[in-house]
Amino acid sequence: MLKCKKIISLFLILAVIMTFIAVGSTSASAAGTGIGLSEHCLNAYYSGWSYVYGAMSPGAVDCSGLIYMYSGSGSRVDMMGSSPETGSVYNGIPNIHGLGLYQPGHVGVYVGGGMAVDARSEYYGICYESVYSKNWTNWFKVAGVSYPTTGWELYNGNYYYYENGEYLTDTTITVGGVSYYLDSTGASSQAPGNTSDVADTGSSSTSANSALKVGSSGDRVLELQYRLTELGFYNGDITGYFGEQTEAAYIRFQKAAGVYVDGIAGASDLEILYSDNAPTGTVEEADSADSNDKTSAENNAEDGFTTLTNGDYLDEVYKVQVELADLGYFGDDATGYYGDITQAAVTEFQSQNGLWETGEVDELTYKTIFSESALENPNPVTKVNETLTAPEFATPDEAPLGAVSPTDPTDIAMKSVQLASKALDGIDAKDVEGVSDSGRSGSFIVWLIVMVVCMAGAFWAVFYYENKKKKARYERARARANRNW
């Protein structure tokens, strides 16, 4: 009986602990800044997080989960409704890092410089692209997030100067007797003379003393890529993510510097890299194709033009889709991915314009599409959803903006998380992404009921065994009394 009591007591203690955990998980503490939210979203993109409907944890989020896991305040199902300030994108987006973006059924984050980040779908994952490439209708300040008013802010390795709640662009300012030029994105030409009062979210995912290698990200990687570009070893995009392209550039530097070649940026190597005596080099022609928009179409160049074919993922494809949509041949959202629907649209355009019907955009087709003589589709197509078959991308360095490899090693795990999430929370597909507050409260109520039932059962078990034990003692005492009588 004593052992049974111990087991029941342990169960009750665990039940109470789990109940407190459940209570704590129903609300997150509101904290953070607009700068911090922007860096949080960029980190999600560079780290290759996956889209999982209903999820809200590092590595797996949906559109509202990406924001809510940072802000922890307001309504997750109606973020704009709980916002302290909103506005129409039609009237322009304020120069404020970390603003929420809204379109019916979807939310994202404005990260400054005309760019936005959003968790889009299971295929696209986390996207980082021009804010004008998606039909955002409103901007809003995220509940629980504070935004700068006046002064310097450090964001993504650059300094920005806020005045009256917005960062300044395309201007020269004088602060503390020093002049600073702020470019079109708001980034300062130099660091402020006194950085002690500059806000720093400290969101870099790489510590100041650790070596940089494949998988590292943050401001130190940005500085590394800038320096490698300056020395002539790197010609890729400055992303802040240390991928295979960055690794290849660093290996070229190590060979030129005569140090141990391992592709890892350690302290001793970095001293040479940032020194005045650092070696210089040139990126080999073979490496120049190792860019973010790497696809199979790159090997099909003819007379300086790259033929666009099914499976390509390029900015040029995006432009073609937009133009074909205007002409009435393409009925889907422009994504930059050349799929079956894009191919069918190109084939129909070629047929209507007297071109060879190949389904590929060769140089003649490309010029015709953008010419004034291009014929519109006499039977404009209606909007459809194109089924995407994605090319494989080894690393975020090689993937186009917003693309996620379907063969990512974490994909199977993310699918498992999604199934588990739906099984536990009873998530049903909704028109609006995200788990509602009422759904979250409902899950907690179900948990609370289960805990009450289990605890009541445990107390009943203790009561039953105690009564049984008392009855047994009574029967033994009565039997002894009868024998003595």
# chains A, B, ... in the order shown; residues from 1 in each chain; ligands from 1
call {"tool": "select_by_dssp", "arguments": {"residues": "range 56-93 of chain A", "states": "helix (DSSP H, G or I)", "output": "PyMOL selection string"}}
result
chain A and resi 63-71+89-91
call {"tool": "residues_around", "arguments": {"residues": "range 126-143 of chain A", "least_positions_apart": "4", "cutoff": "8 Å", "atoms": "only C-alpha atoms", "output": "PDB file with N, CA, C and O atoms, in the first residue's frame"}}
result
ATOM      1  N   LEU A  42      14.346  37.390 -40.593  1.00  0.00           N
ATOM      2  CA  LEU A  42      15.474  37.117 -41.488  1.00  0.00           C
ATOM      3  C   LEU A  42      16.218  35.860 -41.061  1.00  0.00           C
ATOM      4  O   LEU A  42      16.661  35.063 -41.893  1.00  0.00           O
ATOM      5  N   ALA A  44      14.907  33.311 -39.597  1.00  0.00           N
ATOM      6  CA  ALA A  44      14.073  32.177 -39.999  1.00  0.00           C
ATOM      7  C   ALA A  44      14.303  31.853 -41.476  1.00  0.00           C
ATOM      8  O   ALA A  44      14.377  30.679 -41.864  1.00  0.00           O
ATOM      9  N   TYR A  45      14.440  32.897 -42.295  1.00  0.00           N
ATOM     10  CA  TYR A  45      14.670  32.681 -43.725  1.00  0.00           C
ATOM     11  C   TYR A  45      16.049  32.077 -43.986  1.00  0.00           C
ATOM     12  O   TYR A  45      16.183  31.061 -44.672  1.00  0.00           O
ATOM     13  N   GLY A  48      16.546  28.515 -42.969  1.00  0.00           N
ATOM     14  CA  GLY A  48      15.806  27.504 -43.715  1.00  0.00           C
ATOM     15  C   GLY A  48      14.649  26.880 -42.956  1.00  0.00           C
ATOM     16  O   GLY A  48      14.369  25.690 -43.118  1.00  0.00           O
ATOM     17  N   TRP A  49      13.946  27.679 -42.133  1.00  0.00           N
ATOM     18  CA  TRP A  49      12.804  27.126 -41.418  1.00  0.00           C
ATOM     19  C   TRP A  49      11.759  26.626 -42.408  1.00  0.00           C
ATOM     20  O   TRP A  49      11.644  27.128 -43.521  1.00  0.00           O
ATOM     21  N   SER A  50      10.981  25.660 -41.974  1.00  0.00           N
ATOM     22  CA  SER A  50       9.926  25.101 -42.811  1.00  0.00           C
ATOM     23  C   SER A  50       8.562  25.686 -42.444  1.00  0.00           C
ATOM     24  O   SER A  50       8.359  26.152 -41.327  1.00  0.00           O
ATOM     25  N   TYR A  51       7.666  25.633 -43.399  1.00  0.00           N
ATOM     26  CA  TYR A  51       6.281  26.029 -43.143  1.00  0.00           C
ATOM     27  C   TYR A  51       5.516  24.801 -42.649  1.00  0.00           C
ATOM     28  O   TYR A  51       5.477  23.771 -43.329  1.00  0.00           O
ATOM     29  N   SER A  71       6.395  38.069 -30.837  1.00  0.00           N
ATOM     30  CA  SER A  71       5.657  39.128 -30.147  1.00  0.00           C
ATOM     31  C   SER A  71       4.934  38.614 -28.910  1.00  0.00           C
ATOM     32  O   SER A  71       4.926  39.254 -27.866  1.00  0.00           O
ATOM     33  N   SER A  73       1.841  38.525 -28.161  1.00  0.00           N
ATOM     34  CA  SER A  73       0.790  39.395 -27.658  1.00  0.00           C
ATOM     35  C   SER A  73      -0.253  39.618 -28.737  1.00  0.00           C
ATOM     36  O   SER A  73      -0.004  39.414 -29.920  1.00  0.00           O
ATOM     37  N   GLY A  74      -1.434  40.040 -28.307  1.00  0.00           N
ATOM     38  CA  GLY A  74      -2.506  40.284 -29.254  1.00  0.00           C
ATOM     39  C   GLY A  74      -3.143  38.993 -29.716  1.00  0.00           C
ATOM     40  O   GLY A  74      -2.939  37.924 -29.141  1.00  0.00           O
ATOM     41  N   MET A  79      -4.336  39.445 -36.232  1.00  0.00           N
ATOM     42  CA  MET A  79      -3.240  40.302 -35.787  1.00  0.00           C
ATOM     43  C   MET A  79      -3.498  41.764 -36.096  1.00  0.00           C
ATOM     44  O   MET A  79      -3.193  42.638 -35.294  1.00  0.00           O
ATOM     45  N   MET A  80      -4.042  42.039 -37.268  1.00  0.00           N
ATOM     46  CA  MET A  80      -4.286  43.433 -37.612  1.00  0.00           C
ATOM     47  C   MET A  80      -5.390  44.010 -36.726  1.00  0.00           C
ATOM     48  O   MET A  80      -5.362  45.184 -36.368  1.00  0.00           O
ATOM     49  N   SER A  82      -5.894  43.398 -33.630  1.00  0.00           N
ATOM     50  CA  SER A  82      -5.371  43.709 -32.298  1.00  0.00           C
ATOM     51  C   SER A  82      -4.235  44.718 -32.349  1.00  0.00           C
ATOM     52  O   SER A  82      -3.590  44.987 -31.343  1.00  0.00           O
ATOM     53  N   SER A  83      -3.976  45.275 -33.535  1.00  0.00           N
ATOM     54  CA  SER A  83      -2.877  46.221 -33.712  1.00  0.00           C
ATOM     55  C   SER A  83      -3.249  47.602 -33.186  1.00  0.00           C
ATOM     56  O   SER A  83      -4.390  48.048 -33.350  1.00  0.00           O
ATOM     57  N   PRO A  84      -2.287  48.306 -32.590  1.00  0.00           N
ATOM     58  CA  PRO A  84      -2.557  49.667 -32.117  1.00  0.00           C
ATOM     59  C   PRO A  84      -2.581  50.695 -33.247  1.00  0.00           C
ATOM     60  O   PRO A  84      -3.065  51.811 -33.063  1.00  0.00           O
ATOM     61  N   GLU A  85      -2.053  50.334 -34.426  1.00  0.00           N
ATOM     62  CA  GLU A  85      -2.015  51.293 -35.535  1.00  0.00           C
ATOM     63  C   GLU A  85      -1.935  50.547 -36.857  1.00  0.00           C
ATOM     64  O   GLU A  85      -1.120  49.632 -37.019  1.00  0.00           O
ATOM     65  N   THR A  86      -2.763  50.919 -37.797  1.00  0.00           N
ATOM     66  CA  THR A  86      -2.774  50.268 -39.106  1.00  0.00           C
ATOM     67  C   THR A  86      -2.860  51.325 -40.207  1.00  0.00           C
ATOM     68  O   THR A  86      -3.130  52.491 -39.954  1.00  0.00           O
ATOM     69  N   GLY A  87      -2.641  50.890 -41.434  1.00  0.00           N
ATOM     70  CA  GLY A  87      -2.741  51.785 -42.570  1.00  0.00           C
ATOM     71  C   GLY A  87      -2.836  51.007 -43.861  1.00  0.00           C
ATOM     72  O   GLY A  87      -2.620  49.786 -43.892  1.00  0.00           O
ATOM     73  N   SER A  88      -3.147  51.683 -44.943  1.00  0.00           N
ATOM     74  CA  SER A  88      -3.282  51.053 -46.243  1.00  0.00           C
ATOM     75  C   SER A  88      -1.961  51.070 -46.989  1.00  0.00           C
ATOM     76  O   SER A  88      -1.268  52.091 -47.036  1.00  0.00           O
ATOM     77  N   VAL A  89      -1.600  49.925 -47.578  1.00  0.00           N
ATOM     78  CA  VAL A  89      -0.381  49.846 -48.380  1.00  0.00           C
ATOM     79  C   VAL A  89      -0.510  50.724 -49.618  1.00  0.00           C
ATOM     80  O   VAL A  89       0.487  51.223 -50.155  1.00  0.00           O
ATOM     81  N   TYR A  90      -1.737  50.941 -50.054  1.00  0.00           N
ATOM     82  CA  TYR A  90      -1.976  51.788 -51.232  1.00  0.00           C
ATOM     83  C   TYR A  90      -1.406  53.186 -51.029  1.00  0.00           C
ATOM     84  O   TYR A  90      -0.938  53.825 -51.982  1.00  0.00           O
ATOM     85  N   ILE A  93       4.084  52.359 -47.522  1.00  0.00           N
ATOM     86  CA  ILE A  93       4.472  51.687 -46.286  1.00  0.00           C
ATOM     87  C   ILE A  93       5.468  52.565 -45.540  1.00  0.00           C
ATOM     88  O   ILE A  93       6.481  52.980 -46.108  1.00  0.00           O
ATOM     89  N   GLY A  98       9.980  45.966 -39.092  1.00  0.00           N
ATOM     90  CA  GLY A  98       9.159  45.093 -38.260  1.00  0.00           C
ATOM     91  C   GLY A  98       7.675  45.356 -38.316  1.00  0.00           C
ATOM     92  O   GLY A  98       6.932  44.833 -37.463  1.00  0.00           O
ATOM     93  N   LEU A  99       7.205  46.109 -39.294  1.00  0.00           N
ATOM     94  CA  LEU A  99       5.763  46.295 -39.444  1.00  0.00           C
ATOM     95  C   LEU A  99       5.125  44.994 -39.937  1.00  0.00           C
ATOM     96  O   LEU A  99       5.704  44.263 -40.743  1.00  0.00           O
ATOM     97  N   GLY A 100       3.922  44.714 -39.460  1.00  0.00           N
ATOM     98  CA  GLY A 100       3.196  43.582 -39.986  1.00  0.00           C
ATOM     99  C   GLY A 100       2.578  43.933 -41.324  1.00  0.00           C
ATOM    100  O   GLY A 100       2.248  45.099 -41.595  1.00  0.00           O
ATOM    101  N   LEU A 101       2.438  42.942 -42.201  1.00  0.00           N
ATOM    102  CA  LEU A 101       1.798  43.125 -43.503  1.00  0.00           C
ATOM    103  C   LEU A 101       0.610  42.180 -43.591  1.00  0.00           C
ATOM    104  O   LEU A 101       0.676  41.039 -43.125  1.00  0.00           O
ATOM    105  N   TYR A 102      -0.453  42.651 -44.209  1.00  0.00           N
ATOM    106  CA  TYR A 102      -1.685  41.855 -44.240  1.00  0.00           C
ATOM    107  C   TYR A 102      -2.271  41.806 -45.640  1.00  0.00           C
ATOM    108  O   TYR A 102      -2.248  42.777 -46.391  1.00  0.00           O
ATOM    109  N   GLN A 103      -2.761  40.606 -45.986  1.00  0.00           N
ATOM    110  CA  GLN A 103      -3.682  40.432 -47.102  1.00  0.00           C
ATOM    111  C   GLN A 103      -4.671  39.370 -46.634  1.00  0.00           C
ATOM    112  O   GLN A 103      -4.355  38.603 -45.709  1.00  0.00           O
ATOM    113  N   TYR A 110       7.387  43.442 -42.761  1.00  0.00           N
ATOM    114  CA  TYR A 110       8.218  44.353 -43.546  1.00  0.00           C
ATOM    115  C   TYR A 110       9.552  44.512 -42.826  1.00  0.00           C
ATOM    116  O   TYR A 110       9.607  44.929 -41.675  1.00  0.00           O
ATOM    117  N   GLY A 114      12.350  47.955 -48.709  1.00  0.00           N
ATOM    118  CA  GLY A 114      11.433  47.458 -49.728  1.00  0.00           C
ATOM    119  C   GLY A 114      11.278  45.959 -49.740  1.00  0.00           C
ATOM    120  O   GLY A 114      10.731  45.400 -50.701  1.00  0.00           O
ATOM    121  N   MET A 115      11.730  45.271 -48.688  1.00  0.00           N
ATOM    122  CA  MET A 115      11.695  43.821 -48.635  1.00  0.00           C
ATOM    123  C   MET A 115      10.758  43.324 -47.531  1.00  0.00           C
ATOM    124  O   MET A 115      10.535  44.011 -46.535  1.00  0.00           O
ATOM    125  N   ALA A 116      10.240  42.131 -47.733  1.00  0.00           N
ATOM    126  CA  ALA A 116       9.320  41.530 -46.768  1.00  0.00           C
ATOM    127  C   ALA A 116       9.663  40.062 -46.572  1.00  0.00           C
ATOM    128  O   ALA A 116      10.242  39.416 -47.446  1.00  0.00           O
ATOM    129  N   VAL A 117       9.293  39.523 -45.417  1.00  0.00           N
ATOM    130  CA  VAL A 117       9.471  38.100 -45.104  1.00  0.00           C
ATOM    131  C   VAL A 117       8.115  37.545 -44.689  1.00  0.00           C
ATOM    132  O   VAL A 117       7.389  38.169 -43.911  1.00  0.00           O
ATOM    133  N   ASP A 118       7.771  36.370 -45.227  1.00  0.00           N
ATOM    134  CA  ASP A 118       6.537  35.719 -44.796  1.00  0.00           C
ATOM    135  C   ASP A 118       6.671  34.208 -44.919  1.00  0.00           C
ATOM    136  O   ASP A 118       7.413  33.705 -45.770  1.00  0.00           O
ATOM    137  N   ALA A 119       5.987  33.490 -44.033  1.00  0.00           N
ATOM    138  CA  ALA A 119       5.915  32.033 -44.108  1.00  0.00           C
ATOM    139  C   ALA A 119       4.747  31.709 -45.028  1.00  0.00           C
ATOM    140  O   ALA A 119       3.594  31.884 -44.647  1.00  0.00           O
ATOM    141  N   ARG A 120       5.036  31.240 -46.248  1.00  0.00           N
ATOM    142  CA  ARG A 120       4.027  31.247 -47.305  1.00  0.00           C
ATOM    143  C   ARG A 120       3.276  29.941 -47.462  1.00  0.00           C
ATOM    144  O   ARG A 120       2.053  29.928 -47.505  1.00  0.00           O
ATOM    145  N   SER A 121       3.973  28.837 -47.569  1.00  0.00           N
ATOM    146  CA  SER A 121       3.297  27.565 -47.813  1.00  0.00           C
ATOM    147  C   SER A 121       4.276  26.431 -47.569  1.00  0.00           C
ATOM    148  O   SER A 121       5.465  26.661 -47.339  1.00  0.00           O
ATOM    149  N   LEU A 401      15.083  33.060 -53.974  1.00  0.00           N
ATOM    150  CA  LEU A 401      14.384  33.648 -52.848  1.00  0.00           C
ATOM    151  C   LEU A 401      13.089  32.907 -52.585  1.00  0.00           C
ATOM    152  O   LEU A 401      12.259  32.734 -53.452  1.00  0.00           O
ATOM    153  N   GLY A 402      12.912  32.489 -51.338  1.00  0.00           N
ATOM    154  CA  GLY A 402      11.666  31.860 -50.931  1.00  0.00           C
ATOM    155  C   GLY A 402      11.594  30.385 -51.210  1.00  0.00           C
ATOM    156  O   GLY A 402      10.652  29.729 -50.803  1.00  0.00           O
ATOM    157  N   ALA A 403      12.570  29.805 -51.936  1.00  0.00           N
ATOM    158  CA  ALA A 403      12.463  28.395 -52.277  1.00  0.00           C
ATOM    159  C   ALA A 403      12.921  27.518 -51.129  1.00  0.00           C
ATOM    160  O   ALA A 403      13.818  27.847 -50.394  1.00  0.00           O
ATOM    161  N   VAL A 404      12.287  26.339 -51.010  1.00  0.00           N
ATOM    162  CA  VAL A 404      12.666  25.369 -49.988  1.00  0.00           C
ATOM    163  C   VAL A 404      12.826  24.027 -50.663  1.00  0.00           C
ATOM    164  O   VAL A 404      11.988  23.611 -51.443  1.00  0.00           O
TER     165      VAL A 404
END
call {"tool": "atom_distance", "arguments": {"atom1": "CA of Ile67 in chain A", "atom2": "CA of Tyr124 in chain A"}}
result
17.3 Å
call {"tool": "atom_distance", "arguments": {"atom1": "CA of Glu39 in chain A", "atom2": "CA of Leu231 in chain A"}}
result
27.4 Å
call {"tool": "residues_around", "arguments": {"residues": "Asp276 in chain A", "least_positions_apart": "4", "cutoff": "12 Å", "atoms": "only C-alpha atoms", "output": "PyMOL selection string"}}
result
chain A and resi 227+231+270-272+280
call {"tool": "closest_residue", "arguments": {"among": "A:Phe370, A:Tyr123, A:Tyr147, A:Tyr464", "to": "Gly32 in chain A", "atoms": "only C-alpha atoms"}}
result
A:Tyr147
call {"tool": "select_by_dssp", "arguments": {"residues": "range 127-359 of chain A", "states": "strand (DSSP E)", "output": "compact mmCIF listing (two decimals) with N, CA, C and O atoms, in the first residue's frame"}}
result
# COMPACT_ATOMS: atom_id res chain seq x y z
N CYS A 127 9.70 33.01 -47.22
CA CYS A 127 10.07 33.78 -48.42
C CYS A 127 10.62 35.15 -48.02
O CYS A 127 10.16 35.77 -47.07
N TYR A 128 11.61 35.60 -48.77
CA TYR A 128 12.21 36.92 -48.58
C TYR A 128 12.28 37.57 -49.94
O TYR A 128 13.06 37.17 -50.80
N GLU A 129 11.43 38.57 -50.18
CA GLU A 129 11.35 39.16 -51.50
C GLU A 129 10.77 40.56 -51.42
O GLU A 129 10.40 41.04 -50.33
N SER A 130 10.68 41.21 -52.55
CA SER A 130 10.17 42.58 -52.61
C SER A 130 8.76 42.64 -52.02
O SER A 130 7.93 41.77 -52.26
N ASN A 138 -2.63 45.93 -46.37
CA ASN A 138 -2.49 46.79 -45.20
C ASN A 138 -1.18 46.55 -44.48
O ASN A 138 -0.61 45.46 -44.56
N TRP A 139 -0.69 47.57 -43.80
CA TRP A 139 0.41 47.41 -42.86
C TRP A 139 -0.14 47.65 -41.46
O TRP A 139 -1.17 48.30 -41.29
N PHE A 140 0.53 47.07 -40.45
CA PHE A 140 0.08 47.29 -39.08
C PHE A 140 1.25 47.12 -38.11
O PHE A 140 2.22 46.40 -38.41
N GLY A 151 16.62 58.37 -33.11
CA GLY A 151 17.97 57.93 -32.74
C GLY A 151 18.48 56.82 -33.63
O GLY A 151 17.80 56.37 -34.56
N TRP A 152 19.70 56.40 -33.35
CA TRP A 152 20.35 55.36 -34.14
C TRP A 152 19.83 53.97 -33.75
O TRP A 152 19.54 53.70 -32.60
N GLU A 153 19.73 53.09 -34.76
CA GLU A 153 19.37 51.69 -34.53
C GLU A 153 20.32 50.82 -35.35
O GLU A 153 20.61 51.13 -36.52
N LEU A 154 20.81 49.75 -34.73
CA LEU A 154 21.66 48.79 -35.44
C LEU A 154 20.80 47.63 -35.91
O LEU A 154 20.15 46.97 -35.11
N TYR A 155 20.80 47.40 -37.21
CA TYR A 155 19.97 46.33 -37.78
C TYR A 155 20.71 45.63 -38.91
O TYR A 155 21.15 46.26 -39.87
N ASN A 158 23.96 47.09 -40.25
CA ASN A 158 23.99 48.49 -40.68
C ASN A 158 23.32 49.39 -39.64
O ASN A 158 22.50 48.93 -38.84
N TYR A 159 23.67 50.68 -39.70
CA TYR A 159 23.09 51.65 -38.78
C TYR A 159 22.03 52.48 -39.50
O TYR A 159 22.22 52.91 -40.64
N TYR A 160 20.92 52.69 -38.82
CA TYR A 160 19.80 53.46 -39.35
C TYR A 160 19.44 54.56 -38.36
O TYR A 160 19.50 54.35 -37.15
N TYR A 161 19.04 55.69 -38.92
CA TYR A 161 18.68 56.80 -38.03
C TYR A 161 17.18 57.07 -38.14
O TYR A 161 16.64 57.36 -39.21
N TYR A 162 16.51 56.94 -36.99
CA TYR A 162 15.08 57.17 -36.92
C TYR A 162 14.79 58.61 -36.47
O TYR A 162 15.48 59.15 -35.61
N GLU A 163 13.76 59.17 -37.07
CA GLU A 163 13.30 60.50 -36.69
C GLU A 163 11.78 60.54 -36.84
O GLU A 163 11.25 60.19 -37.89
N GLU A 166 10.24 57.06 -37.99
CA GLU A 166 10.61 56.40 -39.23
C GLU A 166 12.09 56.60 -39.51
O GLU A 166 12.65 57.64 -39.16
N TYR A 167 12.71 55.59 -40.15
CA TYR A 167 14.12 55.77 -40.50
C TYR A 167 14.22 56.62 -41.76
O TYR A 167 13.37 56.55 -42.66
N THR A 171 19.31 60.86 -47.76
CA THR A 171 19.57 62.18 -47.20
C THR A 171 20.89 62.17 -46.44
O THR A 171 21.44 61.11 -46.14
N THR A 172 21.37 63.36 -46.15
CA THR A 172 22.56 63.52 -45.32
C THR A 172 22.15 64.20 -44.02
O THR A 172 21.46 65.22 -44.05
N ILE A 173 22.56 63.62 -42.90
CA ILE A 173 22.21 64.20 -41.61
C ILE A 173 23.49 64.52 -40.84
O ILE A 173 24.56 63.97 -41.14
N THR A 174 23.38 65.40 -39.89
CA THR A 174 24.51 65.73 -39.02
C THR A 174 24.12 65.43 -37.59
O THR A 174 23.16 66.00 -37.07
N VAL A 175 24.86 64.53 -36.98
CA VAL A 175 24.60 64.13 -35.60
C VAL A 175 25.90 64.25 -34.82
O VAL A 175 26.91 63.66 -35.19
N VAL A 178 28.96 65.31 -36.80
CA VAL A 178 29.46 64.42 -37.86
C VAL A 178 28.36 64.23 -38.89
O VAL A 178 27.19 64.03 -38.55
N SER A 179 28.73 64.28 -40.17
CA SER A 179 27.75 64.11 -41.24
C SER A 179 27.69 62.64 -41.67
O SER A 179 28.72 61.97 -41.79
N TYR A 180 26.49 62.16 -41.90
CA TYR A 180 26.27 60.78 -42.32
C TYR A 180 25.34 60.78 -43.53
O TYR A 180 24.32 61.48 -43.53
N TYR A 181 25.69 59.97 -44.53
CA TYR A 181 24.81 59.81 -45.68
C TYR A 181 23.99 58.55 -45.49
O TYR A 181 24.52 57.46 -45.24
N LEU A 182 22.68 58.67 -45.62
CA LEU A 182 21.76 57.53 -45.51
C LEU A 182 21.26 57.19 -46.90
O LEU A 182 20.65 58.04 -47.57
N ALA A 199 20.78 50.95 -30.18
CA ALA A 199 20.10 49.70 -29.81
C ALA A 199 20.68 48.56 -30.61
O ALA A 199 20.96 48.69 -31.80
N ASP A 200 20.85 47.42 -29.96
CA ASP A 200 21.37 46.22 -30.61
C ASP A 200 20.59 45.04 -30.08
O ASP A 200 20.65 44.72 -28.91
N ALA A 301 22.56 28.71 -72.52
CA ALA A 301 22.72 30.06 -73.06
C ALA A 301 23.12 30.01 -74.53
O ALA A 301 23.95 29.22 -74.93
N GLU A 302 22.51 30.87 -75.32
CA GLU A 302 22.84 30.95 -76.73
C GLU A 302 22.88 32.41 -77.13
O GLU A 302 21.89 33.13 -77.00
N PHE A 305 21.76 34.76 -74.49
CA PHE A 305 20.42 34.63 -73.94
C PHE A 305 20.23 33.24 -73.36
O PHE A 305 20.64 32.24 -73.96
N THR A 306 19.60 33.17 -72.19
CA THR A 306 19.34 31.90 -71.55
C THR A 306 17.90 31.48 -71.81
O THR A 306 16.96 32.17 -71.42
call {"tool": "residues_around", "arguments": {"residues": "range 355-366 of chain A", "least_positions_apart": "3", "cutoff": "10 Å", "atoms": "only C-alpha atoms", "output": "PyMOL selection string"}}
result
chain A and resi 300-310+316-317+320+338+340+342-352+369-371+374
